[in-house]
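File shown here: coords.pdb, holding PDB, C-alpha atoms.
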```pdb
ATOM      1  CA  MET O   1     -50.251 -28.592 -92.834
ATOM      2  CA  ASN O   2     -47.146 -28.692 -95.027
ATOM      3  CA  PHE O   3     -44.839 -31.308 -93.469
ATOM      4  CA  LEU O   4     -41.314 -31.813 -94.762
ATOM      5  CA  LYS O   5     -40.864 -35.585 -95.083
ATOM      6  CA  ILE O   6     -37.595 -37.096 -93.934
ATOM      7  CA  ASN O   7     -36.583 -40.718 -94.401
ATOM      8  CA  GLY O   8     -35.042 -41.770 -91.089
ATOM      9  CA  ALA O   9     -33.382 -44.755 -92.800
ATOM     10  CA  PHE O  10     -31.305 -42.521 -95.083
ATOM     11  CA  GLY O  11     -27.519 -42.916 -94.863
ATOM     12  CA  GLU O  12     -26.424 -44.200 -91.480
ATOM     13  CA  GLY O  13     -30.088 -44.266 -90.429
ATOM     14  CA  GLY O  14     -29.561 -43.639 -86.715
ATOM     15  CA  GLY O  15     -30.491 -41.164 -84.025
ATOM     16  CA  GLN O  16     -28.470 -38.289 -85.529
ATOM     17  CA  ILE O  17     -31.162 -37.775 -88.189
ATOM     18  CA  ILE O  18     -33.819 -37.411 -85.485
ATOM     19  CA  ARG O  19     -31.743 -34.976 -83.435
ATOM     20  CA  SER O  20     -30.766 -32.766 -86.367
ATOM     21  CA  ALA O  21     -34.259 -32.727 -87.846
ATOM     22  CA  ILE O  22     -35.933 -31.777 -84.557
ATOM     23  CA  ILE O  23     -33.359 -29.059 -83.798
ATOM     24  CA  LEU O  24     -33.813 -27.452 -87.202
ATOM     25  CA  SER O  25     -37.580 -27.873 -87.141
ATOM     26  CA  CYS O  26     -37.715 -25.926 -83.868
ATOM     27  CA  ILE O  27     -35.444 -23.144 -85.079
ATOM     28  CA  THR O  28     -36.781 -22.732 -88.638
ATOM     29  CA  LYS O  29     -40.423 -23.443 -87.611
ATOM     30  CA  GLN O  30     -40.711 -26.085 -90.357
ATOM     31  CA  PRO O  31     -43.071 -28.988 -89.428
ATOM     32  CA  ILE O  32     -41.424 -32.353 -90.139
ATOM     33  CA  HIS O  33     -42.592 -35.919 -90.642
ATOM     34  CA  ILE O  34     -39.852 -38.490 -89.973
ATOM     35  CA  GLU O  35     -40.469 -42.053 -91.195
ATOM     36  CA  ASN O  36     -38.463 -45.285 -90.793
ATOM     37  CA  ILE O  37     -36.832 -44.101 -87.560
ATOM     38  CA  ARG O  38     -33.764 -46.249 -86.761
ATOM     39  CA  LYS O  39     -35.329 -48.851 -89.055
ATOM     40  CA  ASN O  40     -32.147 -50.855 -89.585
ATOM     41  CA  ARG O  41     -31.090 -50.969 -85.956
ATOM     42  CA  LYS O  42     -31.349 -54.132 -83.861
ATOM     43  CA  VAL O  43     -34.091 -52.430 -81.825
ATOM     44  CA  PRO O  44     -35.775 -49.938 -84.202
ATOM     45  CA  GLY O  45     -37.654 -46.781 -83.279
ATOM     46  CA  LEU O  46     -37.344 -44.050 -80.694
ATOM     47  CA  LYS O  47     -35.296 -44.638 -77.530
ATOM     48  CA  PRO O  48     -35.750 -43.154 -74.034
ATOM     49  CA  GLN O  49     -33.309 -40.292 -74.658
ATOM     50  CA  HIS O  50     -35.259 -39.261 -77.787
ATOM     51  CA  ILE O  51     -38.524 -39.290 -75.844
ATOM     52  CA  THR O  52     -37.028 -37.270 -72.978
ATOM     53  CA  ALA O  53     -35.661 -34.620 -75.366
ATOM     54  CA  ILE O  54     -39.072 -34.324 -77.067
ATOM     55  CA  LYS O  55     -40.813 -34.222 -73.674
ATOM     56  CA  ILE O  56     -38.627 -31.302 -72.599
ATOM     57  CA  LEU O  57     -39.227 -29.488 -75.899
ATOM     58  CA  LYS O  58     -42.979 -29.817 -75.404
ATOM     59  CA  LYS O  59     -42.587 -28.229 -71.967
ATOM     60  CA  ILE O  60     -40.504 -25.268 -73.142
ATOM     61  CA  SER O  61     -42.634 -24.569 -76.210
ATOM     62  CA  ASP O  62     -46.118 -25.200 -77.504
ATOM     63  CA  SER O  63     -44.844 -27.809 -79.979
ATOM     64  CA  LYS O  64     -47.240 -30.559 -81.036
ATOM     65  CA  VAL O  65     -45.965 -34.107 -81.489
ATOM     66  CA  ILE O  66     -47.526 -37.287 -82.870
ATOM     67  CA  GLY O  67     -45.750 -40.629 -82.357
ATOM     68  CA  ASP O  68     -43.546 -39.747 -79.388
ATOM     69  CA  GLU O  69     -43.512 -43.209 -77.844
ATOM     70  CA  ILE O  70     -40.631 -45.600 -77.193
ATOM     71  CA  GLY O  71     -40.239 -47.859 -80.229
ATOM     72  CA  SER O  72     -42.168 -45.578 -82.580
ATOM     73  CA  THR O  73     -40.718 -45.552 -86.109
ATOM     74  CA  GLU O  74     -42.717 -42.523 -87.252
ATOM     75  CA  LEU O  75     -42.871 -39.020 -85.810
ATOM     76  CA  LYS O  76     -44.683 -35.823 -86.718
ATOM     77  CA  PHE O  77     -43.267 -32.700 -85.111
ATOM     78  CA  ILE O  78     -44.984 -29.296 -85.301
ATOM     79  CA  PRO O  79     -42.671 -26.703 -83.722
ATOM     80  CA  GLY O  80     -43.824 -23.948 -81.385
ATOM     81  CA  GLU O  81     -42.216 -20.899 -79.848
ATOM     82  CA  ILE O  82     -39.348 -21.654 -77.448
ATOM     83  CA  LYS O  83     -39.756 -20.061 -73.997
ATOM     84  CA  ASN O  84     -37.451 -19.459 -71.031
ATOM     85  CA  ALA O  85     -37.783 -22.307 -68.519
ATOM     86  CA  LYS O  86     -36.479 -24.002 -65.384
ATOM     87  CA  LEU O  87     -37.034 -27.772 -65.267
ATOM     88  CA  PHE O  88     -36.155 -31.082 -63.607
ATOM     89  CA  GLU O  89     -36.265 -34.265 -65.716
ATOM     90  CA  ASP O  90     -35.437 -37.935 -65.156
ATOM     91  CA  VAL O  91     -34.755 -40.204 -68.150
ATOM     92  CA  GLY O  92     -35.664 -43.110 -65.879
ATOM     93  CA  THR O  93     -32.903 -45.349 -67.294
ATOM     94  CA  ALA O  94     -29.243 -45.051 -68.260
ATOM     95  CA  GLY O  95     -30.434 -43.216 -71.391
ATOM     96  CA  SER O  96     -27.770 -40.792 -72.570
ATOM     97  CA  ILE O  97     -27.880 -37.302 -71.075
ATOM     98  CA  SER O  98     -25.258 -36.160 -73.608
ATOM     99  CA  LEU O  99     -27.491 -37.025 -76.574
ATOM    100  CA  ILE O 100     -30.390 -35.119 -75.002
ATOM    101  CA  LEU O 101     -28.142 -32.081 -74.551
ATOM    102  CA  GLN O 102     -27.167 -32.268 -78.224
ATOM    103  CA  VAL O 103     -30.803 -31.458 -79.009
ATOM    104  CA  LEU O 104     -31.562 -28.890 -76.314
ATOM    105  CA  ILE O 105     -28.435 -26.722 -76.352
ATOM    106  CA  PRO O 106     -28.567 -25.465 -79.967
ATOM    107  CA  ILE O 107     -32.371 -25.079 -79.962
ATOM    108  CA  VAL O 108     -32.552 -22.945 -76.816
ATOM    109  CA  ALA O 109     -29.345 -20.975 -77.408
ATOM    110  CA  ILE O 110     -29.939 -20.130 -81.075
ATOM    111  CA  SER O 111     -33.586 -19.282 -80.302
ATOM    112  CA  GLU O 112     -32.045 -16.722 -77.899
ATOM    113  CA  LYS O 113     -33.803 -18.154 -74.851
ATOM    114  CA  LYS O 114     -32.635 -19.449 -71.470
ATOM    115  CA  LEU O 115     -33.011 -22.905 -69.918
ATOM    116  CA  ASP O 116     -32.035 -24.023 -66.416
ATOM    117  CA  LEU O 117     -32.257 -27.818 -66.382
ATOM    118  CA  THR O 118     -31.456 -30.527 -63.853
ATOM    119  CA  ILE O 119     -31.565 -33.943 -65.495
ATOM    120  CA  LYS O 120     -30.938 -37.509 -64.297
ATOM    121  CA  GLY O 121     -29.910 -40.463 -66.469
ATOM    122  CA  GLY O 122     -26.751 -41.940 -67.999
ATOM    123  CA  THR O 123     -23.674 -39.722 -68.069
ATOM    124  CA  ASP O 124     -21.270 -42.308 -69.497
ATOM    125  CA  VAL O 125     -22.967 -44.985 -71.624
ATOM    126  CA  GLN O 126     -22.368 -46.898 -74.850
ATOM    127  CA  TRP O 127     -23.021 -45.371 -78.287
ATOM    128  CA  SER O 128     -22.945 -41.863 -76.861
ATOM    129  CA  PRO O 129     -20.388 -39.146 -76.044
ATOM    130  CA  THR O 130     -19.350 -39.170 -72.392
ATOM    131  CA  ILE O 131     -20.366 -36.210 -70.263
ATOM    132  CA  ASP O 132     -16.672 -35.210 -70.130
ATOM    133  CA  TYR O 133     -16.614 -35.049 -73.956
ATOM    134  CA  THR O 134     -19.654 -32.757 -73.816
ATOM    135  CA  GLN O 135     -18.024 -30.604 -71.151
ATOM    136  CA  HIS O 136     -14.549 -30.259 -72.660
ATOM    137  CA  VAL O 137     -14.873 -30.858 -76.416
ATOM    138  CA  LEU O 138     -18.414 -29.961 -77.520
ATOM    139  CA  LYS O 139     -18.483 -26.940 -75.203
ATOM    140  CA  GLU O 140     -15.218 -25.666 -76.685
ATOM    141  CA  VAL O 141     -16.443 -25.708 -80.292
ATOM    142  CA  TYR O 142     -19.882 -24.365 -79.374
ATOM    143  CA  SER O 143     -18.290 -21.497 -77.440
ATOM    144  CA  ARG O 144     -16.258 -20.546 -80.511
ATOM    145  CA  MET O 145     -19.495 -20.635 -82.549
ATOM    146  CA  GLY O 146     -21.161 -18.260 -80.086
ATOM    147  CA  ILE O 147     -23.311 -20.892 -78.335
ATOM    148  CA  GLN O 148     -23.145 -20.413 -74.579
ATOM    149  CA  PHE O 149     -23.908 -23.076 -71.950
ATOM    150  CA  SER O 150     -22.536 -24.224 -68.615
ATOM    151  CA  LEU O 151     -22.663 -27.753 -67.235
ATOM    152  CA  GLU O 152     -22.133 -29.012 -63.692
ATOM    153  CA  LEU O 153     -21.785 -32.734 -63.033
ATOM    154  CA  LYS O 154     -23.492 -33.730 -59.783
ATOM    155  CA  LYS O 155     -23.198 -37.524 -60.055
ATOM    156  CA  ARG O 156     -21.932 -40.133 -62.535
ATOM    157  CA  GLY O 157     -24.374 -42.583 -64.067
ATOM    158  CA  TYR O 158     -23.175 -45.779 -65.770
ATOM    159  CA  TYR O 159     -25.142 -48.564 -67.485
ATOM    160  CA  PRO O 160     -27.523 -50.177 -66.595
ATOM    161  CA  LYS O 161     -29.024 -48.156 -63.729
ATOM    162  CA  GLY O 162     -27.855 -44.694 -64.707
ATOM    163  CA  ASN O 163     -29.027 -42.241 -62.022
ATOM    164  CA  GLY O 164     -26.322 -39.758 -62.964
ATOM    165  CA  GLU O 165     -27.243 -36.106 -62.592
ATOM    166  CA  ILE O 166     -26.147 -32.838 -64.159
ATOM    167  CA  ASN O 167     -27.176 -29.203 -63.963
ATOM    168  CA  LEU O 168     -27.317 -27.371 -67.286
ATOM    169  CA  GLU O 169     -27.717 -23.694 -67.991
ATOM    170  CA  ILE O 170     -28.211 -22.545 -71.587
ATOM    171  CA  ASN O 171     -27.978 -18.839 -72.395
ATOM    172  CA  PRO O 172     -29.262 -16.762 -75.339
ATOM    173  CA  SER O 173     -26.653 -16.845 -78.103
ATOM    174  CA  LYS O 174     -25.910 -15.583 -81.611
ATOM    175  CA  VAL O 175     -24.370 -18.327 -83.724
ATOM    176  CA  LYS O 176     -21.361 -17.554 -85.918
ATOM    177  CA  ALA O 177     -19.192 -19.346 -88.458
ATOM    178  CA  ILE O 178     -15.748 -20.683 -87.556
ATOM    179  CA  SER O 179     -12.722 -21.904 -89.478
ATOM    180  CA  LEU O 180     -10.529 -24.754 -88.249
ATOM    181  CA  SER O 181      -7.455 -26.255 -89.911
ATOM    182  CA  LYS O 182      -4.732 -28.704 -88.888
ATOM    183  CA  ARG O 183      -3.762 -29.323 -85.261
ATOM    184  CA  LYS O 184      -0.552 -27.584 -84.188
ATOM    185  CA  THR O 185      -0.386 -28.363 -80.466
ATOM    186  CA  ASN O 186       1.352 -31.391 -78.984
ATOM    187  CA  GLN O 187      -0.351 -30.843 -75.595
ATOM    188  CA  VAL O 188      -2.848 -33.570 -74.641
ATOM    189  CA  GLN O 189      -5.218 -33.829 -71.683
ATOM    190  CA  ILE O 190      -6.420 -37.177 -70.284
ATOM    191  CA  ILE O 191      -9.418 -37.274 -67.948
ATOM    192  CA  SER O 192     -10.493 -40.582 -66.434
ATOM    193  CA  THR O 193     -13.157 -41.232 -63.808
ATOM    194  CA  PHE O 194     -14.205 -44.494 -62.180
ATOM    195  CA  SER O 195     -16.515 -46.026 -59.583
ATOM    196  CA  LYS O 196     -16.398 -49.376 -57.755
ATOM    197  CA  LEU O 197     -13.351 -50.560 -59.727
ATOM    198  CA  SER O 198      -9.736 -51.177 -58.724
ATOM    199  CA  PRO O 199      -7.848 -47.844 -58.667
ATOM    200  CA  GLU O 200      -4.620 -49.726 -59.410
ATOM    201  CA  LYS O 201      -6.104 -51.332 -62.526
ATOM    202  CA  ILE O 202      -7.469 -48.045 -63.850
ATOM    203  CA  LYS O 203      -4.150 -46.257 -63.220
ATOM    204  CA  SER O 204      -2.290 -49.084 -64.948
ATOM    205  CA  GLU O 205      -4.484 -48.751 -68.037
ATOM    206  CA  ILE O 206      -4.065 -44.976 -68.098
ATOM    207  CA  LYS O 207      -0.278 -45.349 -67.831
ATOM    208  CA  LYS O 208      -0.277 -47.497 -70.998
ATOM    209  CA  ILE O 209      -2.224 -44.787 -72.816
ATOM    210  CA  GLU O 210       0.173 -42.095 -71.567
ATOM    211  CA  GLU O 211       3.142 -44.118 -72.820
ATOM    212  CA  ARG O 212       1.559 -44.603 -76.254
ATOM    213  CA  LEU O 213       0.850 -40.889 -76.638
ATOM    214  CA  THR O 214       4.324 -39.924 -75.392
ATOM    215  CA  LYS O 215       5.846 -42.155 -78.088
ATOM    216  CA  GLU O 216       3.864 -40.098 -80.608
ATOM    217  CA  ASN O 217       5.591 -36.950 -79.263
ATOM    218  CA  PHE O 218       2.643 -35.640 -77.275
ATOM    219  CA  VAL O 219       3.073 -33.965 -73.901
ATOM    220  CA  VAL O 220       0.456 -35.554 -71.652
ATOM    221  CA  LYS O 221      -1.336 -34.142 -68.628
ATOM    222  CA  THR O 222      -3.529 -36.620 -66.735
ATOM    223  CA  GLU O 223      -6.377 -36.345 -64.239
ATOM    224  CA  ILE O 224      -7.813 -39.511 -62.632
ATOM    225  CA  LYS O 225     -10.792 -39.194 -60.267
ATOM    226  CA  GLU O 226     -12.813 -41.709 -58.288
ATOM    227  CA  GLN O 227     -16.463 -40.592 -58.389
ATOM    228  CA  GLU O 228     -19.207 -42.620 -56.716
ATOM    229  CA  ALA O 229     -21.994 -44.059 -58.878
ATOM    230  CA  ILE O 230     -24.700 -46.724 -58.393
ATOM    231  CA  ASP O 231     -23.099 -49.044 -60.967
ATOM    232  CA  SER O 232     -19.418 -49.811 -61.394
ATOM    233  CA  GLY O 233     -17.806 -48.251 -64.431
ATOM    234  CA  ALA O 234     -15.119 -45.954 -65.776
ATOM    235  CA  SER O 235     -14.783 -43.467 -68.600
ATOM    236  CA  LEU O 236     -11.865 -41.911 -70.428
ATOM    237  CA  LEU O 237     -11.424 -38.750 -72.492
ATOM    238  CA  VAL O 238      -8.296 -37.856 -74.456
ATOM    239  CA  TYR O 239      -8.388 -34.424 -76.066
ATOM    240  CA  SER O 240      -6.308 -31.561 -77.440
ATOM    241  CA  VAL O 241      -7.303 -27.979 -78.173
ATOM    242  CA  ASP O 242      -5.554 -25.116 -79.993
ATOM    243  CA  GLU O 243      -6.654 -22.171 -82.142
ATOM    244  CA  ASN O 244      -6.824 -24.408 -85.233
ATOM    245  CA  SER O 245      -8.247 -27.646 -83.864
ATOM    246  CA  ILE O 246     -10.479 -29.363 -81.324
ATOM    247  CA  ILE O 247      -9.950 -33.125 -81.215
ATOM    248  CA  GLY O 248     -11.249 -35.599 -78.638
ATOM    249  CA  VAL O 249     -11.807 -39.333 -78.371
ATOM    250  CA  ASP O 250     -13.504 -41.076 -75.482
ATOM    251  CA  SER O 251     -14.003 -44.613 -74.278
ATOM    252  CA  LEU O 252     -15.746 -46.663 -71.604
ATOM    253  CA  TYR O 253     -13.926 -49.291 -69.555
ATOM    254  CA  ASN O 254     -14.734 -52.803 -70.729
ATOM    255  CA  LYS O 255     -15.151 -54.805 -67.522
ATOM    256  CA  LYS O 256     -14.774 -58.115 -69.388
ATOM    257  CA  THR O 257     -11.445 -57.310 -71.042
ATOM    258  CA  GLN O 258     -10.463 -54.875 -68.236
ATOM    259  CA  LYS O 259      -9.342 -52.308 -70.811
ATOM    260  CA  PHE O 260     -10.278 -48.949 -72.267
ATOM    261  CA  GLU O 261     -10.910 -49.771 -75.915
ATOM    262  CA  LEU O 262      -9.580 -46.469 -77.216
ATOM    263  CA  ASP O 263      -9.285 -45.820 -80.948
ATOM    264  CA  TYR O 264      -5.841 -44.179 -81.028
ATOM    265  CA  GLY O 265      -5.997 -43.703 -84.786
ATOM    266  CA  LYS O 266      -8.919 -41.305 -84.502
ATOM    267  CA  PHE O 267      -6.927 -39.104 -82.131
ATOM    268  CA  LEU O 268      -3.572 -39.270 -83.914
ATOM    269  CA  GLU O 269      -4.924 -38.389 -87.377
ATOM    270  CA  ASP O 270      -3.797 -35.048 -88.783
ATOM    271  CA  ARG O 271      -6.961 -32.932 -88.943
ATOM    272  CA  SER O 272      -8.908 -30.156 -87.172
ATOM    273  CA  VAL O 273     -11.857 -31.972 -85.555
ATOM    274  CA  ASP O 274     -12.628 -35.534 -84.533
ATOM    275  CA  GLU O 275     -15.206 -37.654 -86.337
ATOM    276  CA  ASN O 276     -17.967 -37.137 -83.758
ATOM    277  CA  LEU O 277     -17.440 -33.388 -83.424
ATOM    278  CA  ALA O 278     -17.699 -33.003 -87.203
ATOM    279  CA  ASP O 279     -21.333 -34.178 -86.948
ATOM    280  CA  MET O 280     -22.122 -31.755 -84.134
ATOM    281  CA  ILE O 281     -20.773 -28.694 -85.976
ATOM    282  CA  VAL O 282     -23.050 -29.127 -88.993
ATOM    283  CA  VAL O 283     -26.357 -27.880 -87.525
ATOM    284  CA  PRO O 284     -25.122 -24.585 -86.001
ATOM    285  CA  ALA O 285     -22.887 -23.997 -89.041
ATOM    286  CA  SER O 286     -25.939 -24.256 -91.314
ATOM    287  CA  LEU O 287     -27.596 -21.389 -89.391
ATOM    288  CA  ALA O 288     -24.573 -19.100 -89.043
ATOM    289  CA  LYS O 289     -23.683 -16.171 -91.255
ATOM    290  CA  GLY O 290     -20.696 -16.991 -93.438
ATOM    291  CA  LYS O 291     -18.705 -20.116 -94.189
ATOM    292  CA  THR O 292     -17.648 -22.677 -91.596
ATOM    293  CA  THR O 293     -14.696 -24.839 -92.604
ATOM    294  CA  PHE O 294     -13.053 -27.823 -90.927
ATOM    295  CA  GLN O 295     -10.914 -30.804 -91.868
ATOM    296  CA  VAL O 296     -11.564 -34.507 -91.327
ATOM    297  CA  LYS O 297      -9.700 -37.696 -92.166
ATOM    298  CA  GLU O 298     -12.754 -39.372 -93.690
ATOM    299  CA  ILE O 299     -16.317 -38.377 -94.612
ATOM    300  CA  SER O 300     -18.211 -40.709 -92.298
ATOM    301  CA  LYS O 301     -21.736 -41.951 -92.976
ATOM    302  CA  HIS O 302     -22.888 -39.893 -89.995
ATOM    303  CA  LEU O 303     -21.388 -36.699 -91.433
ATOM    304  CA  GLU O 304     -22.696 -37.384 -94.929
ATOM    305  CA  THR O 305     -26.201 -38.002 -93.551
ATOM    306  CA  ASN O 306     -26.151 -34.900 -91.367
ATOM    307  CA  LEU O 307     -25.029 -32.663 -94.228
ATOM    308  CA  PHE O 308     -27.850 -33.991 -96.404
ATOM    309  CA  VAL O 309     -30.612 -33.616 -93.804
ATOM    310  CA  THR O 310     -29.418 -30.188 -92.682
ATOM    311  CA  SER O 311     -29.232 -28.792 -96.204
ATOM    312  CA  LYS O 312     -32.687 -30.213 -96.970
ATOM    313  CA  ILE O 313     -34.290 -28.382 -94.033
ATOM    314  CA  THR O 314     -32.346 -25.102 -94.003
ATOM    315  CA  GLY O 315     -31.330 -24.695 -97.623
ATOM    316  CA  CYS O 316     -27.702 -24.177 -96.611
ATOM    317  CA  ARG O 317     -25.018 -25.057 -99.137
ATOM    318  CA  TYR O 318     -22.027 -27.267 -98.483
ATOM    319  CA  GLY O 319     -19.009 -28.595-100.303
ATOM    320  CA  ILE O 320     -16.378 -31.266 -99.701
ATOM    321  CA  GLY O 321     -12.851 -30.829-101.011
ATOM    322  CA  LYS O 322     -10.163 -33.513-101.218
ATOM    323  CA  LEU O 323      -6.918 -32.802 -99.393
ATOM    324  CA  PRO O 324      -3.641 -34.782 -99.580
ATOM    325  CA  ASN O 325      -4.450 -36.446 -96.238
ATOM    326  CA  GLY O 326      -8.204 -36.111 -95.807
ATOM    327  CA  PHE O 327     -11.049 -33.761 -96.676
ATOM    328  CA  GLU O 328     -12.117 -30.176 -96.070
ATOM    329  CA  VAL O 329     -15.801 -29.534 -95.369
ATOM    330  CA  ILE O 330     -17.255 -26.099 -96.160
ATOM    331  CA  ILE O 331     -20.748 -25.130 -94.956
ATOM    332  CA  GLU O 332     -22.260 -21.830 -96.056
ATOM    333  CA  GLY O 333     -24.863 -20.893 -93.449
ATOM    334  CA  ILE O 334     -28.159 -19.134 -94.110
ATOM    335  CA  SER O 335     -27.841 -16.598 -91.224
ATOM    336  CA  TYR O 336     -30.474 -17.500 -88.642
ATOM    337  CA  PRO O 337     -31.876 -13.975 -88.104
ATOM    338  CA  SER O 338     -33.066 -14.023 -91.739
ATOM    339  CA  ILE O 339     -35.410 -16.957 -91.013
ATOM    340  CA  LYS O 340     -39.042 -15.839 -90.848
TER     341      LYS O 340
END
```

File written out as structure tokens:
Amino acid sequence: MNFLKINGAFGEGGGQIIRSAIILSCITKQPIHIENIRKNRKVPGLKPQHITAIKILKKISDSKVIGDEIGSTELKFIPGEIKNAKLFEDVGTAGSISLILQVLIPIVAISEKKLDLTIKGGTDVQWSPTIDYTQHVLKEVYSRMGIQFSLELKKRGYYPKGNGEINLEINPSKVKAISLSKRKTNQVQIISTFSKLSPEKIKSEIKKIEERLTKENFVVKTEIKEQEAIDSGASLLVYSVDENSIIGVDSLYNKKTQKFELDYGKFLEDRSVDENLADMIVVPASLAKGKTTFQVKEISKHLETNLFVTSKITGCRYGIGKLPNGFEVIIEGISYPSIK
């Protein structure tokens, strides 16, 4: 069998390579062999969320996988045909539900299939987008790209026990290119949720964030909700959306410092998408017909790695242009229906 070899240690060398490679393997039907998975991380190899995503893919297709074990640094993935399915899954830890959805949504939608999934795990955990980011930021850009899904949060799940739960419905979709430029809106939405923490402390922290954004001439609308979870915790999403831009930053509450460690700079920068969303656009853009364009402040290692891996598997072309205050990324997709 002709496997396409991918060095999992390339660039930023994290989980994004695994996610992108598996998504594109499933859609293009190209068998892949990933080596050196998360090699440079403190704990190398596959994590529970990677295993759960692969487990679900095996259930909704006849894909064959070698090396799908926690801690494995090598994986062979032979894609099969995606089928309609209704499933229940449990990550078994606080493993990130959002990262699992990053794999499943584009695969099922772009394969023009349907998935009804209930999944338990971590909804708001470190090194992962919060479930609110997935619901309000990722969903917005995917909708504009033709990718249709709905998400219902049933229960929050913080580290270390997780036990959060969501219902996901993915619908058959036809992916299309989009063009985003500089943000024009000054309207900002804040969403914060918490469990087993002082409401007064959370509200005090949110007020500081509101004041900072107001000083930057933003008009702020805030929603604070107490939502029961097994573990104590809190999450925060700050986002803005207009016809030219989709920008969001999220944060978890640090119980030691009793603060949301929010990176204001990443929200205030003059661009069209945030750093994390830039990564998530690359895969569907590579499969769309036409050119997708967006602006970023910096070309992160994650984005650079994703562009490389995606172009290697799909054959899409991309370019990066320097702007006075950042960069423009252009991805010329291959038009998925032409894949045989």

| message | For this structure, which residues satisfy the selection - the PyMOL selection byres ((chain O and resi 120-125) around 8) - when it is evaluated on the file as given? I want them as JSON, numbers by chain. | response | {"O": [89, 90, 91, 92, 93, 94, 95, 96, 97, 98, 118, 119, 126, 127, 128, 129, 130, 131, 156, 157, 158, 159, 161, 162, 163, 164, 165, 166, 235, 252]}

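With distances restricted to all atoms listed in the file, O:Ile178 is the closest residue to Gly290 of chain O from O:Lys215, O:Ile178, O:Pro199, O:Ile230.
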
*Pull out every residue that the PyMOL selection byres ((chain O and resi 253) around 8) matches in the shown coordinates and put them as a PyMOL selection string.*
chain O and resi 233-236+251-252+254-255+258-261

note - atom CA of Phe294 of chain O and atom CA of Ile6 of chain O are separated by 26.4 Å

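Taking atom CA of Glu216 of chain O as the reference point, atom CA of Lys266 of chain O is found at 13.4 Å.
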